[in-house]
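Okay, upload.pdb is below, PDB, C-alpha atoms:
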```
MODEL        1
ATOM      1  CA  MET Y   2      -6.148   9.297 -44.135
ATOM      2  CA  LEU Y   3      -4.494   8.607 -40.808
ATOM      3  CA  ASP Y   4      -0.787   7.804 -40.988
ATOM      4  CA  LYS Y   5      -0.109   7.192 -37.331
ATOM      5  CA  THR Y   6      -1.613   5.117 -34.581
ATOM      6  CA  ASN Y   7      -2.594   7.027 -31.477
ATOM      7  CA  TYR Y   8      -1.818   5.419 -28.147
ATOM      8  CA  PHE Y   9      -3.664   6.317 -24.986
ATOM      9  CA  ASN Y  10      -2.417   5.590 -21.515
ATOM     10  CA  ILE Y  11      -5.515   4.712 -19.506
ATOM     11  CA  GLU Y  12      -3.719   5.221 -16.176
ATOM     12  CA  GLU Y  13      -2.715   8.767 -17.145
ATOM     13  CA  ILE Y  14      -6.267   9.554 -18.226
ATOM     14  CA  GLU Y  15      -7.683   8.209 -14.964
ATOM     15  CA  ASP Y  16      -5.096  10.117 -12.899
ATOM     16  CA  THR Y  17      -6.047  13.310 -14.743
ATOM     17  CA  LEU Y  18      -9.752  12.705 -14.060
ATOM     18  CA  ILE Y  19      -9.034  12.036 -10.380
ATOM     19  CA  LYS Y  20      -6.983  15.250 -10.143
ATOM     20  CA  LYS Y  21      -9.822  17.235 -11.714
ATOM     21  CA  THR Y  22     -12.315  15.633  -9.321
ATOM     22  CA  LEU Y  23     -10.150  16.415  -6.288
ATOM     23  CA  GLU Y  24      -9.883  20.036  -7.399
ATOM     24  CA  GLU Y  25     -13.672  20.272  -7.747
ATOM     25  CA  VAL Y  26     -14.222  18.625  -4.356
ATOM     26  CA  TYR Y  27     -11.634  20.932  -2.777
ATOM     27  CA  ASP Y  28     -13.388  24.001  -4.216
ATOM     28  CA  ALA Y  29     -16.815  22.806  -3.041
ATOM     29  CA  LEU Y  30     -15.550  22.172   0.497
ATOM     30  CA  GLU Y  31     -13.829  25.551   0.587
ATOM     31  CA  GLU Y  32     -17.055  27.269  -0.572
ATOM     32  CA  LYS Y  33     -18.867  25.704   2.382
ATOM     33  CA  GLY Y  34     -16.235  26.969   4.822
ATOM     34  CA  TYR Y  35     -14.548  23.654   5.567
ATOM     35  CA  LYS Y  36     -10.816  22.950   5.645
ATOM     36  CA  PRO Y  37     -10.696  20.915   2.417
ATOM     37  CA  VAL Y  38      -7.411  19.091   3.029
ATOM     38  CA  ASN Y  39      -8.572  17.890   6.464
ATOM     39  CA  GLN Y  40     -11.926  16.750   5.087
ATOM     40  CA  ILE Y  41     -10.422  14.871   2.137
ATOM     41  CA  VAL Y  42      -7.799  13.193   4.329
ATOM     42  CA  GLY Y  43     -10.518  12.182   6.790
ATOM     43  CA  TYR Y  44     -12.480  10.615   3.957
ATOM     44  CA  LEU Y  45      -9.466   8.813   2.511
ATOM     45  CA  ILE Y  46      -8.453   7.376   5.884
ATOM     46  CA  SER Y  47     -11.886   6.389   7.158
ATOM     47  CA  GLY Y  48     -13.936   5.820   4.023
ATOM     48  CA  ASP Y  49     -16.772   7.774   5.642
ATOM     49  CA  PRO Y  50     -18.445   9.877   2.935
ATOM     50  CA  GLY Y  51     -19.747  12.184   5.677
ATOM     51  CA  TYR Y  52     -16.409  13.994   5.530
ATOM     52  CA  ILE Y  53     -17.325  15.294   2.067
ATOM     53  CA  SER Y  54     -20.137  17.805   1.635
ATOM     54  CA  SER Y  55     -22.820  17.118  -0.929
ATOM     55  CA  HIS Y  56     -22.450  20.755  -2.075
ATOM     56  CA  ASN Y  57     -21.920  20.843  -5.872
ATOM     57  CA  ASP Y  58     -22.181  17.021  -5.846
ATOM     58  CA  ALA Y  59     -18.706  16.797  -4.254
ATOM     59  CA  ARG Y  60     -19.606  13.584  -2.391
ATOM     60  CA  GLY Y  61     -20.959  11.952  -5.523
ATOM     61  CA  LYS Y  62     -17.908  12.944  -7.554
ATOM     62  CA  ILE Y  63     -15.305  11.630  -5.122
ATOM     63  CA  SER Y  64     -17.297   8.447  -4.481
ATOM     64  CA  LYS Y  65     -16.924   7.450  -8.139
ATOM     65  CA  TYR Y  66     -13.296   6.481  -7.473
ATOM     66  CA  ASP Y  67     -11.860   3.812  -5.228
ATOM     67  CA  ARG Y  68      -9.948   5.445  -2.368
ATOM     68  CA  SER Y  69      -6.803   3.454  -3.177
ATOM     69  CA  LYS Y  70      -6.839   4.837  -6.737
ATOM     70  CA  ILE Y  71      -7.181   8.368  -5.371
ATOM     71  CA  LEU Y  72      -4.226   7.817  -3.040
ATOM     72  CA  THR Y  73      -2.180   6.321  -5.866
ATOM     73  CA  ALA Y  74      -2.872   9.327  -8.111
ATOM     74  CA  ILE Y  75      -1.972  11.742  -5.295
ATOM     75  CA  LEU Y  76       1.296   9.928  -4.585
ATOM     76  CA  LYS Y  77       2.241   9.774  -8.274
ATOM     77  CA  GLY Y  78       1.600  13.500  -8.602
ATOM     78  CA  TYR Y  79       3.591  14.283  -5.497
ATOM     79  CA  LEU Y  80       6.586  12.216  -6.531
ATOM     80  CA  LYS Y  81       6.776  13.651 -10.061
TER      81      LYS Y  81
ENDMDL
END
```
What would the structure in this file look like if it were written as structure tokens?
Amino acid sequence: MLDKTNYFNIEEIEDTLIKKTLEEVYDALEEKGYKPVNQIVGYLISGDPGYISSHNDARGKISKYDRSKILTAILKGYLK
């Protein structure tokens, strides 16, 4: 029988998923010979998915998240 209640922080879970996605996108862009940081920043600033290669479904993965949520997760991680 369970004695304790488990609490989950949805924001932390989402931030973790975004971090994992950014790592996968970074790796896919690097594999294709792009400068991943420049490509991701271009996407975040412009919203143009053309900055992200479709290699390994990188474009599909990053498009699942609102750009403001991605920026929020990046800033939280940087400031920790």
Check your understanding: Using only C-alpha atoms, which residues sit within 12 Å of Leu72 (chain Y) once same-chain residues fewer than 6 positions away are excluded, as a list in words?
Key ->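 What passes the distance filter is Asp16, Ile19, Lys20, Leu23, Ile41, Val42, Tyr44, Leu45, Ile46, Ile63, Tyr66, Gly78 and Tyr79 of chain Y.
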Exercise for review: Tell me which of Y:Lys81, Y:Glu15, Y:Gly34, Y:Phe9 sits closest to Asp67 (chain Y), counting all atoms listed in the file.
Suggested key: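 Once distances to Asp67 (chain Y) are computed over all atoms listed in the file, the minimum belongs to Y:Glu15.
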Practice item. Counting only C-alpha atoms, figure out which residue out of Y:Ser47, Y:Ser55, Y:Ile11, Y:Thr6 gets nearest to Lys33 (chain Y). Key: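 Nearest candidate to Lys33 (chain Y) out of Y:Ser47, Y:Ser55, Y:Ile11, Y:Thr6: Y:Ser55.
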May I have the protein, DNA and RNA residues with an atom at most 12 Å from (-20.0, 21.7, -4.9), counting all atoms listed in the file in the file's coordinates, returned as a short mmCIF file (atom, residue, chain, number, x, y, z; two decimals) with C-alpha atoms, in the frame of the given file?
```
data_model
loop_
_atom_site.label_atom_id
_atom_site.label_comp_id
_atom_site.auth_asym_id
_atom_site.auth_seq_id
_atom_site.Cartn_x
_atom_site.Cartn_y
_atom_site.Cartn_z
CA THR Y 22 -12.32 15.63 -9.32
CA LEU Y 23 -10.15 16.42 -6.29
CA GLU Y 24 -9.88 20.04 -7.40
CA GLU Y 25 -13.67 20.27 -7.75
CA VAL Y 26 -14.22 18.62 -4.36
CA TYR Y 27 -11.63 20.93 -2.78
CA ASP Y 28 -13.39 24.00 -4.22
CA ALA Y 29 -16.82 22.81 -3.04
CA LEU Y 30 -15.55 22.17 0.50
CA GLU Y 31 -13.83 25.55 0.59
CA GLU Y 32 -17.06 27.27 -0.57
CA LYS Y 33 -18.87 25.70 2.38
CA GLY Y 34 -16.24 26.97 4.82
CA TYR Y 35 -14.55 23.65 5.57
CA PRO Y 37 -10.70 20.92 2.42
CA ILE Y 53 -17.32 15.29 2.07
CA SER Y 54 -20.14 17.80 1.64
CA SER Y 55 -22.82 17.12 -0.93
CA HIS Y 56 -22.45 20.76 -2.08
CA ASN Y 57 -21.92 20.84 -5.87
CA ASP Y 58 -22.18 17.02 -5.85
CA ALA Y 59 -18.71 16.80 -4.25
CA ARG Y 60 -19.61 13.58 -2.39
CA GLY Y 61 -20.96 11.95 -5.52
CA LYS Y 62 -17.91 12.94 -7.55
CA ILE Y 63 -15.30 11.63 -5.12
#
```
Review point. What is the distance, in Å and to one decimal place, between CA of Glu13 (chain Y) and CA of Thr73 (chain Y)?
Key: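 One can read the CA of Glu13 (chain Y) to CA of Thr73 (chain Y) distance as 11.6 Å.
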Exercise for review: Please indicate the distance in Å from CA of Gly48 (chain Y) to CA of Ile71 (chain Y), rounded to one decimal place.
Suggested key: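 About the pair CA of Gly48 (chain Y) and CA of Ile71 (chain Y): they are 11.8 Å apart.
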Practice item. Would you mind reading off the distance between CA of Glu12 (chain Y) and CA of Gly51 (chain Y), one decimal, in Å? Key: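 Those two atoms sit 28.0 Å apart.
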Check your understanding: Restricting the calculation to only C-alpha atoms, which member of Y:Asp4, Y:Lys21, Y:Asn39, Y:Asn10 is positioned closest to Ile75 (chain Y)?
Key ->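 Of the candidates, the smallest distance to Ile75 (chain Y) is held by Y:Lys21.
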Point to revise | Nearest candidate to Ser64 (chain Y) (options Y:Pro50, Y:Val38, Y:Gly43, Y:Leu80; using all atoms listed in the file) | key: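 Closest to Ser64 (chain Y), using all atoms listed in the file: Y:Pro50.
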